[in-house]
>>> print(open('protein_4.cif').read())   # mmCIF, C-alpha atoms and all ligand atoms; chains and numbers go by the auth columns
data_my_file
#
loop_
_atom_site.group_PDB
_atom_site.id
_atom_site.type_symbol
_atom_site.label_atom_id
_atom_site.label_comp_id
_atom_site.label_asym_id
_atom_site.label_seq_id
_atom_site.Cartn_x
_atom_site.Cartn_y
_atom_site.Cartn_z
_atom_site.B_iso_or_equiv
_atom_site.auth_seq_id
_atom_site.auth_asym_id
ATOM 1 C CA MET A 1 -44.696 17.176 -1.396 0.00 1 K
ATOM 2 C CA LYS A 2 -41.018 16.871 -0.607 0.00 2 K
ATOM 3 C CA ILE A 3 -38.721 17.355 -3.566 0.00 3 K
ATOM 4 C CA ALA A 4 -34.983 17.086 -4.187 0.00 4 K
ATOM 5 C CA VAL A 5 -33.233 19.192 -6.818 0.00 5 K
ATOM 6 C CA PHE A 6 -30.135 17.779 -8.520 0.00 6 K
ATOM 7 C CA ALA A 7 -27.799 20.366 -10.044 0.00 7 K
ATOM 8 C CA SER A 8 -24.157 20.566 -11.075 0.00 8 K
ATOM 9 C CA GLY A 9 -23.434 24.249 -11.614 0.00 9 K
ATOM 10 C CA THR A 10 -24.856 27.724 -11.272 0.00 10 K
ATOM 11 C CA GLY A 11 -28.285 26.726 -10.083 0.00 11 K
ATOM 12 C CA SER A 12 -30.379 29.562 -11.491 0.00 12 K
ATOM 13 C CA ASN A 13 -33.223 27.083 -11.956 0.00 13 K
ATOM 14 C CA PHE A 14 -32.782 25.843 -8.414 0.00 14 K
ATOM 15 C CA ALA A 15 -33.074 29.490 -7.318 0.00 15 K
ATOM 16 C CA ALA A 16 -36.223 29.917 -9.419 0.00 16 K
ATOM 17 C CA VAL A 17 -37.857 26.965 -7.652 0.00 17 K
ATOM 18 C CA VAL A 18 -36.783 28.337 -4.252 0.00 18 K
ATOM 19 C CA GLU A 19 -38.318 31.737 -5.139 0.00 19 K
ATOM 20 C CA ALA A 20 -41.552 30.156 -6.325 0.00 20 K
ATOM 21 C CA VAL A 21 -41.865 28.329 -2.992 0.00 21 K
ATOM 22 C CA LYS A 22 -41.017 31.449 -0.976 0.00 22 K
ATOM 23 C CA GLU A 23 -43.439 33.634 -2.907 0.00 23 K
ATOM 24 C CA GLY A 24 -46.257 31.100 -2.517 0.00 24 K
ATOM 25 C CA ARG A 25 -46.572 30.397 -6.259 0.00 25 K
ATOM 26 C CA LEU A 26 -45.601 26.815 -5.480 0.00 26 K
ATOM 27 C CA LYS A 27 -47.778 25.630 -2.649 0.00 27 K
ATOM 28 C CA ASN A 28 -47.300 22.567 -0.449 0.00 28 K
ATOM 29 C CA ILE A 29 -43.766 21.998 -1.708 0.00 29 K
ATOM 30 C CA GLU A 30 -40.715 21.576 0.463 0.00 30 K
ATOM 31 C CA ILE A 31 -37.245 21.491 -1.098 0.00 31 K
ATOM 32 C CA ALA A 32 -35.878 18.798 1.183 0.00 32 K
ATOM 33 C CA LEU A 33 -32.476 18.312 -0.426 0.00 33 K
ATOM 34 C CA LEU A 34 -30.042 19.635 -3.002 0.00 34 K
ATOM 35 C CA VAL A 35 -27.882 16.938 -4.572 0.00 35 K
ATOM 36 C CA CYS A 36 -24.733 18.171 -6.304 0.00 36 K
ATOM 37 C CA ASP A 37 -21.935 16.223 -8.004 0.00 37 K
ATOM 38 C CA ARG A 38 -19.507 19.182 -7.972 0.00 38 K
ATOM 39 C CA PRO A 39 -18.523 20.158 -4.448 0.00 39 K
ATOM 40 C CA GLY A 40 -17.408 23.684 -5.472 0.00 40 K
ATOM 41 C CA ALA A 41 -20.554 24.575 -7.435 0.00 41 K
ATOM 42 C CA LEU A 42 -22.337 27.879 -6.874 0.00 42 K
ATOM 43 C CA VAL A 43 -25.659 26.094 -6.425 0.00 43 K
ATOM 44 C CA ILE A 44 -24.381 24.738 -3.084 0.00 44 K
ATOM 45 C CA LYS A 45 -23.903 28.268 -1.749 0.00 45 K
ATOM 46 C CA ARG A 46 -27.405 29.156 -2.863 0.00 46 K
ATOM 47 C CA ALA A 47 -28.833 26.175 -0.949 0.00 47 K
ATOM 48 C CA GLU A 48 -26.814 26.959 2.169 0.00 48 K
ATOM 49 C CA GLN A 49 -28.102 30.549 2.127 0.00 49 K
ATOM 50 C CA GLU A 50 -31.637 29.166 2.187 0.00 50 K
ATOM 51 C CA SER A 51 -30.772 26.540 4.850 0.00 51 K
ATOM 52 C CA ILE A 52 -31.689 23.750 2.452 0.00 52 K
ATOM 53 C CA PRO A 53 -29.853 20.484 3.228 0.00 53 K
ATOM 54 C CA VAL A 54 -27.122 19.647 0.705 0.00 54 K
ATOM 55 C CA PHE A 55 -25.606 16.346 -0.278 0.00 55 K
ATOM 56 C CA SER A 56 -22.542 16.860 -2.463 0.00 56 K
ATOM 57 C CA PHE A 57 -20.160 14.202 -3.636 0.00 57 K
ATOM 58 C CA GLN A 58 -17.271 13.598 -6.035 0.00 58 K
ATOM 59 C CA PRO A 59 -18.238 10.775 -8.396 0.00 59 K
ATOM 60 C CA LYS A 60 -14.608 9.872 -9.051 0.00 60 K
ATOM 61 C CA GLU A 61 -14.170 8.947 -5.403 0.00 61 K
ATOM 62 C CA TYR A 62 -16.567 6.002 -5.854 0.00 62 K
ATOM 63 C CA PRO A 63 -15.933 2.715 -7.663 0.00 63 K
ATOM 64 C CA ASP A 64 -18.948 3.185 -9.953 0.00 64 K
ATOM 65 C CA LYS A 65 -22.273 4.946 -10.511 0.00 65 K
ATOM 66 C CA ALA A 66 -24.203 2.348 -8.498 0.00 66 K
ATOM 67 C CA ALA A 67 -22.039 3.093 -5.442 0.00 67 K
ATOM 68 C CA TYR A 68 -22.678 6.851 -5.318 0.00 68 K
ATOM 69 C CA GLU A 69 -26.282 6.531 -6.433 0.00 69 K
ATOM 70 C CA GLN A 70 -26.935 4.159 -3.521 0.00 70 K
ATOM 71 C CA LEU A 71 -25.632 6.816 -1.178 0.00 71 K
ATOM 72 C CA VAL A 72 -27.804 9.460 -2.857 0.00 72 K
ATOM 73 C CA LEU A 73 -30.794 7.115 -2.613 0.00 73 K
ATOM 74 C CA ASP A 74 -30.211 6.686 1.130 0.00 74 K
ATOM 75 C CA LYS A 75 -30.224 10.480 1.569 0.00 75 K
ATOM 76 C CA LEU A 76 -33.392 10.850 -0.497 0.00 76 K
ATOM 77 C CA GLN A 77 -35.166 8.200 1.528 0.00 77 K
ATOM 78 C CA GLU A 78 -33.926 9.673 4.820 0.00 78 K
ATOM 79 C CA GLN A 79 -35.529 12.983 3.825 0.00 79 K
ATOM 80 C CA GLY A 80 -38.698 11.346 2.471 0.00 80 K
ATOM 81 C CA VAL A 81 -38.220 12.804 -1.017 0.00 81 K
ATOM 82 C CA GLU A 82 -41.140 12.096 -3.350 0.00 82 K
ATOM 83 C CA LEU A 83 -40.024 13.846 -6.533 0.00 83 K
ATOM 84 C CA ILE A 84 -36.560 14.386 -8.034 0.00 84 K
ATOM 85 C CA VAL A 85 -36.036 17.462 -10.207 0.00 85 K
ATOM 86 C CA LEU A 86 -32.933 17.430 -12.412 0.00 86 K
ATOM 87 C CA ALA A 87 -32.066 21.058 -13.132 0.00 87 K
ATOM 88 C CA GLY A 88 -28.691 21.239 -14.800 0.00 88 K
ATOM 89 C CA TYR A 89 -27.477 17.907 -13.419 0.00 89 K
ATOM 90 C CA MET A 90 -24.901 16.872 -15.994 0.00 90 K
ATOM 91 C CA ARG A 91 -24.985 13.111 -15.516 0.00 91 K
ATOM 92 C CA LEU A 92 -27.030 10.191 -16.772 0.00 92 K
ATOM 93 C CA ILE A 93 -29.143 8.566 -14.058 0.00 93 K
ATOM 94 C CA GLY A 94 -28.426 4.884 -13.477 0.00 94 K
ATOM 95 C CA PRO A 95 -30.672 1.951 -12.589 0.00 95 K
ATOM 96 C CA THR A 96 -30.234 2.403 -8.810 0.00 96 K
ATOM 97 C CA LEU A 97 -32.093 5.737 -8.764 0.00 97 K
ATOM 98 C CA LEU A 98 -34.332 5.028 -11.744 0.00 98 K
ATOM 99 C CA HIS A 99 -35.689 1.897 -10.169 0.00 99 K
ATOM 100 C CA SER A 100 -36.774 3.675 -6.977 0.00 100 K
ATOM 101 C CA TYR A 101 -37.960 6.907 -8.601 0.00 101 K
ATOM 102 C CA SER A 102 -39.432 5.760 -11.908 0.00 102 K
ATOM 103 C CA SER A 103 -42.144 8.274 -12.947 0.00 103 K
ATOM 104 C CA ARG A 104 -41.088 10.458 -10.037 0.00 104 K
ATOM 105 C CA MET A 105 -38.093 12.122 -11.659 0.00 105 K
ATOM 106 C CA ILE A 106 -38.174 15.032 -14.127 0.00 106 K
ATOM 107 C CA ASN A 107 -35.499 16.825 -16.142 0.00 107 K
ATOM 108 C CA LEU A 108 -35.234 20.265 -17.682 0.00 108 K
ATOM 109 C CA HIS A 109 -33.525 20.465 -21.082 0.00 109 K
ATOM 110 C CA PRO A 110 -32.761 23.610 -23.120 0.00 110 K
ATOM 111 C CA SER A 111 -34.120 22.499 -26.513 0.00 111 K
ATOM 112 C CA LEU A 112 -37.348 21.302 -28.072 0.00 112 K
ATOM 113 C CA LEU A 113 -36.770 17.573 -27.678 0.00 113 K
ATOM 114 C CA PRO A 114 -36.241 15.266 -29.455 0.00 114 K
ATOM 115 C CA ALA A 115 -33.978 17.788 -31.205 0.00 115 K
ATOM 116 C CA PHE A 116 -30.551 18.550 -29.761 0.00 116 K
ATOM 117 C CA THR A 117 -30.136 16.088 -26.923 0.00 117 K
ATOM 118 C CA GLY A 118 -27.098 15.965 -24.638 0.00 118 K
ATOM 119 C CA LYS A 119 -24.567 18.672 -23.962 0.00 119 K
ATOM 120 C CA ASP A 120 -24.622 22.210 -25.357 0.00 120 K
ATOM 121 C CA ALA A 121 -28.142 21.995 -26.759 0.00 121 K
ATOM 122 C CA ILE A 122 -28.203 25.776 -27.199 0.00 122 K
ATOM 123 C CA GLY A 123 -24.976 25.754 -29.250 0.00 123 K
ATOM 124 C CA GLN A 124 -26.253 22.793 -31.279 0.00 124 K
ATOM 125 C CA ALA A 125 -29.457 24.668 -32.172 0.00 125 K
ATOM 126 C CA LEU A 126 -27.519 27.780 -33.208 0.00 126 K
ATOM 127 C CA ASP A 127 -25.038 25.783 -35.295 0.00 127 K
ATOM 128 C CA TYR A 128 -27.836 23.891 -37.025 0.00 128 K
ATOM 129 C CA GLY A 129 -29.555 27.144 -37.936 0.00 129 K
ATOM 130 C CA VAL A 130 -33.052 26.376 -36.649 0.00 130 K
ATOM 131 C CA LYS A 131 -35.330 29.394 -36.355 0.00 131 K
ATOM 132 C CA ILE A 132 -37.216 28.126 -33.334 0.00 132 K
ATOM 133 C CA THR A 133 -35.784 26.286 -30.373 0.00 133 K
ATOM 134 C CA GLY A 134 -37.030 26.139 -26.804 0.00 134 K
ATOM 135 C CA ILE A 135 -37.162 24.144 -23.619 0.00 135 K
ATOM 136 C CA THR A 136 -38.567 20.811 -22.503 0.00 136 K
ATOM 137 C CA VAL A 137 -39.509 19.330 -19.145 0.00 137 K
ATOM 138 C CA HIS A 138 -39.758 15.550 -19.332 0.00 138 K
ATOM 139 C CA PHE A 139 -39.838 12.448 -17.185 0.00 139 K
ATOM 140 C CA VAL A 140 -36.475 10.730 -16.899 0.00 140 K
ATOM 141 C CA ASP A 141 -35.792 7.317 -18.348 0.00 141 K
ATOM 142 C CA ALA A 142 -32.540 5.448 -18.966 0.00 142 K
ATOM 143 C CA GLY A 143 -31.749 7.375 -22.155 0.00 143 K
ATOM 144 C CA MET A 144 -30.181 10.776 -22.707 0.00 144 K
ATOM 145 C CA ASP A 145 -33.092 13.284 -22.726 0.00 145 K
ATOM 146 C CA THR A 146 -35.463 10.652 -24.115 0.00 146 K
ATOM 147 C CA GLY A 147 -38.246 10.322 -21.507 0.00 147 K
ATOM 148 C CA PRO A 148 -41.945 11.230 -21.907 0.00 148 K
ATOM 149 C CA ILE A 149 -42.457 14.951 -22.527 0.00 149 K
ATOM 150 C CA ILE A 150 -44.517 16.911 -19.994 0.00 150 K
ATOM 151 C CA ALA A 151 -44.269 20.468 -21.342 0.00 151 K
ATOM 152 C CA GLN A 152 -42.382 22.564 -23.883 0.00 152 K
ATOM 153 C CA ARG A 153 -42.031 26.273 -24.639 0.00 153 K
ATOM 154 C CA ASN A 154 -40.793 27.910 -27.845 0.00 154 K
ATOM 155 C CA VAL A 155 -37.973 30.397 -28.085 0.00 155 K
ATOM 156 C CA GLU A 156 -37.344 32.197 -31.381 0.00 156 K
ATOM 157 C CA ILE A 157 -33.831 32.490 -32.775 0.00 157 K
ATOM 158 C CA GLU A 158 -33.544 35.958 -34.279 0.00 158 K
ATOM 159 C CA SER A 159 -30.932 37.228 -36.698 0.00 159 K
ATOM 160 C CA GLY A 160 -27.702 38.142 -34.933 0.00 160 K
ATOM 161 C CA GLU A 161 -28.547 35.839 -32.030 0.00 161 K
ATOM 162 C CA THR A 162 -25.526 34.742 -30.001 0.00 162 K
ATOM 163 C CA LYS A 163 -25.169 31.918 -27.531 0.00 163 K
ATOM 164 C CA GLU A 164 -25.292 34.492 -24.776 0.00 164 K
ATOM 165 C CA THR A 165 -28.504 36.200 -25.912 0.00 165 K
ATOM 166 C CA LEU A 166 -30.188 32.881 -26.682 0.00 166 K
ATOM 167 C CA SER A 167 -29.178 31.382 -23.317 0.00 167 K
ATOM 168 C CA HIS A 168 -30.731 34.390 -21.605 0.00 168 K
ATOM 169 C CA LYS A 169 -34.034 33.989 -23.473 0.00 169 K
ATOM 170 C CA ILE A 170 -34.057 30.252 -22.721 0.00 170 K
ATOM 171 C CA GLN A 171 -33.414 30.814 -19.033 0.00 171 K
ATOM 172 C CA ILE A 172 -36.342 33.219 -18.724 0.00 172 K
ATOM 173 C CA GLN A 173 -38.628 30.465 -20.038 0.00 173 K
ATOM 174 C CA GLU A 174 -37.015 27.797 -17.864 0.00 174 K
ATOM 175 C CA HIS A 175 -37.435 29.791 -14.683 0.00 175 K
ATOM 176 C CA GLN A 176 -41.169 30.042 -15.355 0.00 176 K
ATOM 177 C CA LEU A 177 -41.911 26.566 -16.657 0.00 177 K
ATOM 178 C CA LEU A 178 -39.996 24.397 -14.193 0.00 178 K
ATOM 179 C CA PRO A 179 -41.846 25.606 -11.056 0.00 179 K
ATOM 180 C CA GLU A 180 -45.122 25.419 -12.979 0.00 180 K
ATOM 181 C CA VAL A 181 -44.586 21.742 -13.863 0.00 181 K
ATOM 182 C CA ILE A 182 -43.582 20.897 -10.281 0.00 182 K
ATOM 183 C CA GLY A 183 -46.882 22.491 -9.191 0.00 183 K
ATOM 184 C CA TRP A 184 -48.881 20.421 -11.697 0.00 184 K
ATOM 185 C CA ILE A 185 -47.267 17.215 -10.410 0.00 185 K
ATOM 186 C CA ALA A 186 -47.870 18.146 -6.763 0.00 186 K
ATOM 187 C CA GLU A 187 -51.518 18.858 -7.571 0.00 187 K
ATOM 188 C CA GLY A 188 -51.858 15.450 -9.244 0.00 188 K
ATOM 189 C CA LYS A 189 -52.644 17.013 -12.627 0.00 189 K
ATOM 190 C CA ILE A 190 -50.187 14.907 -14.636 0.00 190 K
ATOM 191 C CA LYS A 191 -50.954 11.403 -15.824 0.00 191 K
ATOM 192 C CA LEU A 192 -48.400 9.213 -17.552 0.00 192 K
ATOM 193 C CA ASN A 193 -49.854 6.888 -20.157 0.00 193 K
ATOM 194 C CA GLY A 194 -47.049 4.960 -21.864 0.00 194 K
ATOM 195 C CA ARG A 195 -44.972 7.636 -23.624 0.00 195 K
ATOM 196 C CA LYS A 196 -47.807 10.141 -23.485 0.00 196 K
ATOM 197 C CA VAL A 197 -48.247 12.632 -20.700 0.00 197 K
ATOM 198 C CA GLU A 198 -51.822 13.803 -20.178 0.00 198 K
ATOM 199 C CA MET A 199 -53.056 16.764 -18.172 0.00 199 K
ATOM 200 C CA LYS A 200 -56.078 15.992 -16.024 0.00 200 K
HETATM 201 C C1 LIG B . -30.359 24.790 -17.864 0.00 301 K
HETATM 202 O O1 LIG B . -30.287 25.452 -19.080 0.00 301 K
HETATM 203 C C2 LIG B . -30.999 23.447 -18.035 0.00 301 K
HETATM 204 O O2 LIG B . -31.917 23.416 -19.088 0.00 301 K
HETATM 205 C C3 LIG B . -29.851 22.547 -18.358 0.00 301 K
HETATM 206 O O3 LIG B . -28.780 23.062 -17.589 0.00 301 K
HETATM 207 C C4 LIG B . -28.957 24.445 -17.356 0.00 301 K
HETATM 208 C C5 LIG B . -28.794 24.697 -15.887 0.00 301 K
HETATM 209 O O4 LIG B . -28.689 26.045 -15.598 0.00 301 K
HETATM 210 N N1 LIG B . -30.178 21.175 -18.120 0.00 301 K
HETATM 211 P P1 LIG B . -28.717 26.537 -14.086 0.00 301 K
HETATM 212 O O5 LIG B . -27.587 25.836 -13.345 0.00 301 K
HETATM 213 O O6 LIG B . -30.060 26.210 -13.501 0.00 301 K
HETATM 214 O O7 LIG B . -28.480 28.009 -14.151 0.00 301 K
#
>>> encode(input="protein_4.cif", output="structure tokens")
Amino acid sequence: MKIAVFASGTGSNFAAVVEAVKEGRLKNIEIALLVCDRPGALVIKRAEQESIPVFSFQPKEYPDKAAYEQLVLDKLQEQGVELIVLAGYMRLIGPTLLHSYSSRMINLHPSLLPAFTGKDAIGQALDYGVKITGITVHFVDAGMDTGPIIAQRNVEIESGETKETLSHKIQIQEHQLLPEVIGWIAEGKIKLNGRKVEMK
């Protein structure tokens, strides 16, 4: 299965997927494209080091979302991409991409959804004072972190926890779960039934 990863920043999750492919934990997966909306982002360097094709663009250079998403869609189709993985892509997906990749696009979010959607989910959880937070991988719909949930993992918030320590614990979970979910999808183990995601 050919996948594209969309990322905006550091790309540690992108790197985790690359490692899983290289180490053979993720079988029959090819990372066909990295899509990045910040041309200077570190994730681009990571992709170049692995000789993974990159499409990067500056959204503000386009009249609207539909214009750049059409370009992204062309690249995805050129490469024969079957699944889109949003891993730290800090933008809402518009109808152009959603229409072509409905049920074939997943997102990774650093909270136990539906709690703490949007930006700085880790800071939101700390500020709220919850004792357990975590991570979610879900299908993407038109909302902000609202699509059907595929998998979640807990992360405990201990006393004295800082954003830095909590982010580290969250990332450890993310780097394990994201490749795992991609594997389940590639193996045809995931079935979407309305809002419910079932494992076959
Ligand atoms: C991750 O925490 C992910 O959950 C969120 O953005 C972050 C991306 O981190 N959507 P990285 O760029 O993969 O290091």
>>> residues_near_ligand(input="protein_4.cif", ligand="ligand LIG 301 (chain K)", cutoff="9 Å", atoms="all atoms listed in the file", output="mmCIF file with C-alpha atoms, in the frame of the given file")
data_model
loop_
_atom_site.group_PDB
_atom_site.id
_atom_site.type_symbol
_atom_site.label_atom_id
_atom_site.label_comp_id
_atom_site.auth_asym_id
_atom_site.auth_seq_id
_atom_site.Cartn_x
_atom_site.Cartn_y
_atom_site.Cartn_z
ATOM 1 C CA ALA K 7 -27.799 20.366 -10.044
ATOM 2 C CA SER K 8 -24.157 20.566 -11.075
ATOM 3 C CA GLY K 9 -23.434 24.249 -11.614
ATOM 4 C CA THR K 10 -24.856 27.724 -11.272
ATOM 5 C CA GLY K 11 -28.285 26.726 -10.083
ATOM 6 C CA SER K 12 -30.379 29.562 -11.491
ATOM 7 C CA ASN K 13 -33.223 27.083 -11.956
ATOM 8 C CA PHE K 14 -32.782 25.843 -8.414
ATOM 9 C CA ALA K 15 -33.074 29.490 -7.318
ATOM 10 C CA ALA K 16 -36.223 29.917 -9.419
ATOM 11 C CA LEU K 42 -22.337 27.879 -6.874
ATOM 12 C CA VAL K 43 -25.659 26.094 -6.425
ATOM 13 C CA LEU K 86 -32.933 17.430 -12.412
ATOM 14 C CA ALA K 87 -32.066 21.058 -13.132
ATOM 15 C CA GLY K 88 -28.691 21.239 -14.800
ATOM 16 C CA TYR K 89 -27.477 17.907 -13.419
ATOM 17 C CA MET K 90 -24.901 16.872 -15.994
ATOM 18 C CA ASN K 107 -35.499 16.825 -16.142
ATOM 19 C CA LEU K 108 -35.234 20.265 -17.682
ATOM 20 C CA HIS K 109 -33.525 20.465 -21.082
ATOM 21 C CA PRO K 110 -32.761 23.610 -23.120
ATOM 22 C CA SER K 111 -34.120 22.499 -26.513
ATOM 23 C CA GLY K 118 -27.098 15.965 -24.638
ATOM 24 C CA LYS K 119 -24.567 18.672 -23.962
ATOM 25 C CA ASP K 120 -24.622 22.210 -25.357
ATOM 26 C CA ALA K 121 -28.142 21.995 -26.759
ATOM 27 C CA ILE K 122 -28.203 25.776 -27.199
ATOM 28 C CA ILE K 135 -37.162 24.144 -23.619
ATOM 29 C CA THR K 136 -38.567 20.811 -22.503
ATOM 30 C CA VAL K 137 -39.509 19.330 -19.145
ATOM 31 C CA SER K 167 -29.178 31.382 -23.317
ATOM 32 C CA ILE K 170 -34.057 30.252 -22.721
ATOM 33 C CA GLN K 171 -33.414 30.814 -19.033
ATOM 34 C CA GLU K 174 -37.015 27.797 -17.864
ATOM 35 C CA HIS K 175 -37.435 29.791 -14.683
#
>>> closest_residue(input="protein_4.cif", among="K:Leu71, K:Ile52, K:Leu166, K:Ile150", to="Lys189 of chain K", atoms="all atoms listed in the file")
K:Ile150
>>> atom_distance(input="protein_4.cif", atom1="atom CA of Glu187 of chain K", atom2="atom CA of Lys27 of chain K")
9.2 Å
>>> closest_residue(input="protein_4.cif", among="K:Glu61, K:Glu50, K:Glu180, K:Glu164", to="Ile31 of chain K", atoms="all atoms listed in the file")
K:Glu50
>>> atom_distance(input="protein_4.cif", atom1="atom CA of Arg46 of chain K", atom2="atom CA of Gln79 of chain K")
19.3 Å
>>> residues_around(input="protein_4.cif", residues="Lys2 of chain K", least_positions_apart="4", cutoff="7 Å", atoms="all atoms listed in the file", output="ChimeraX atom specification")
/K:29-32,80-83
>>> atom_distance(input="protein_4.cif", atom1="atom CA of Ile185 of chain K", atom2="atom CA of Val17 of chain K")
13.8 Å
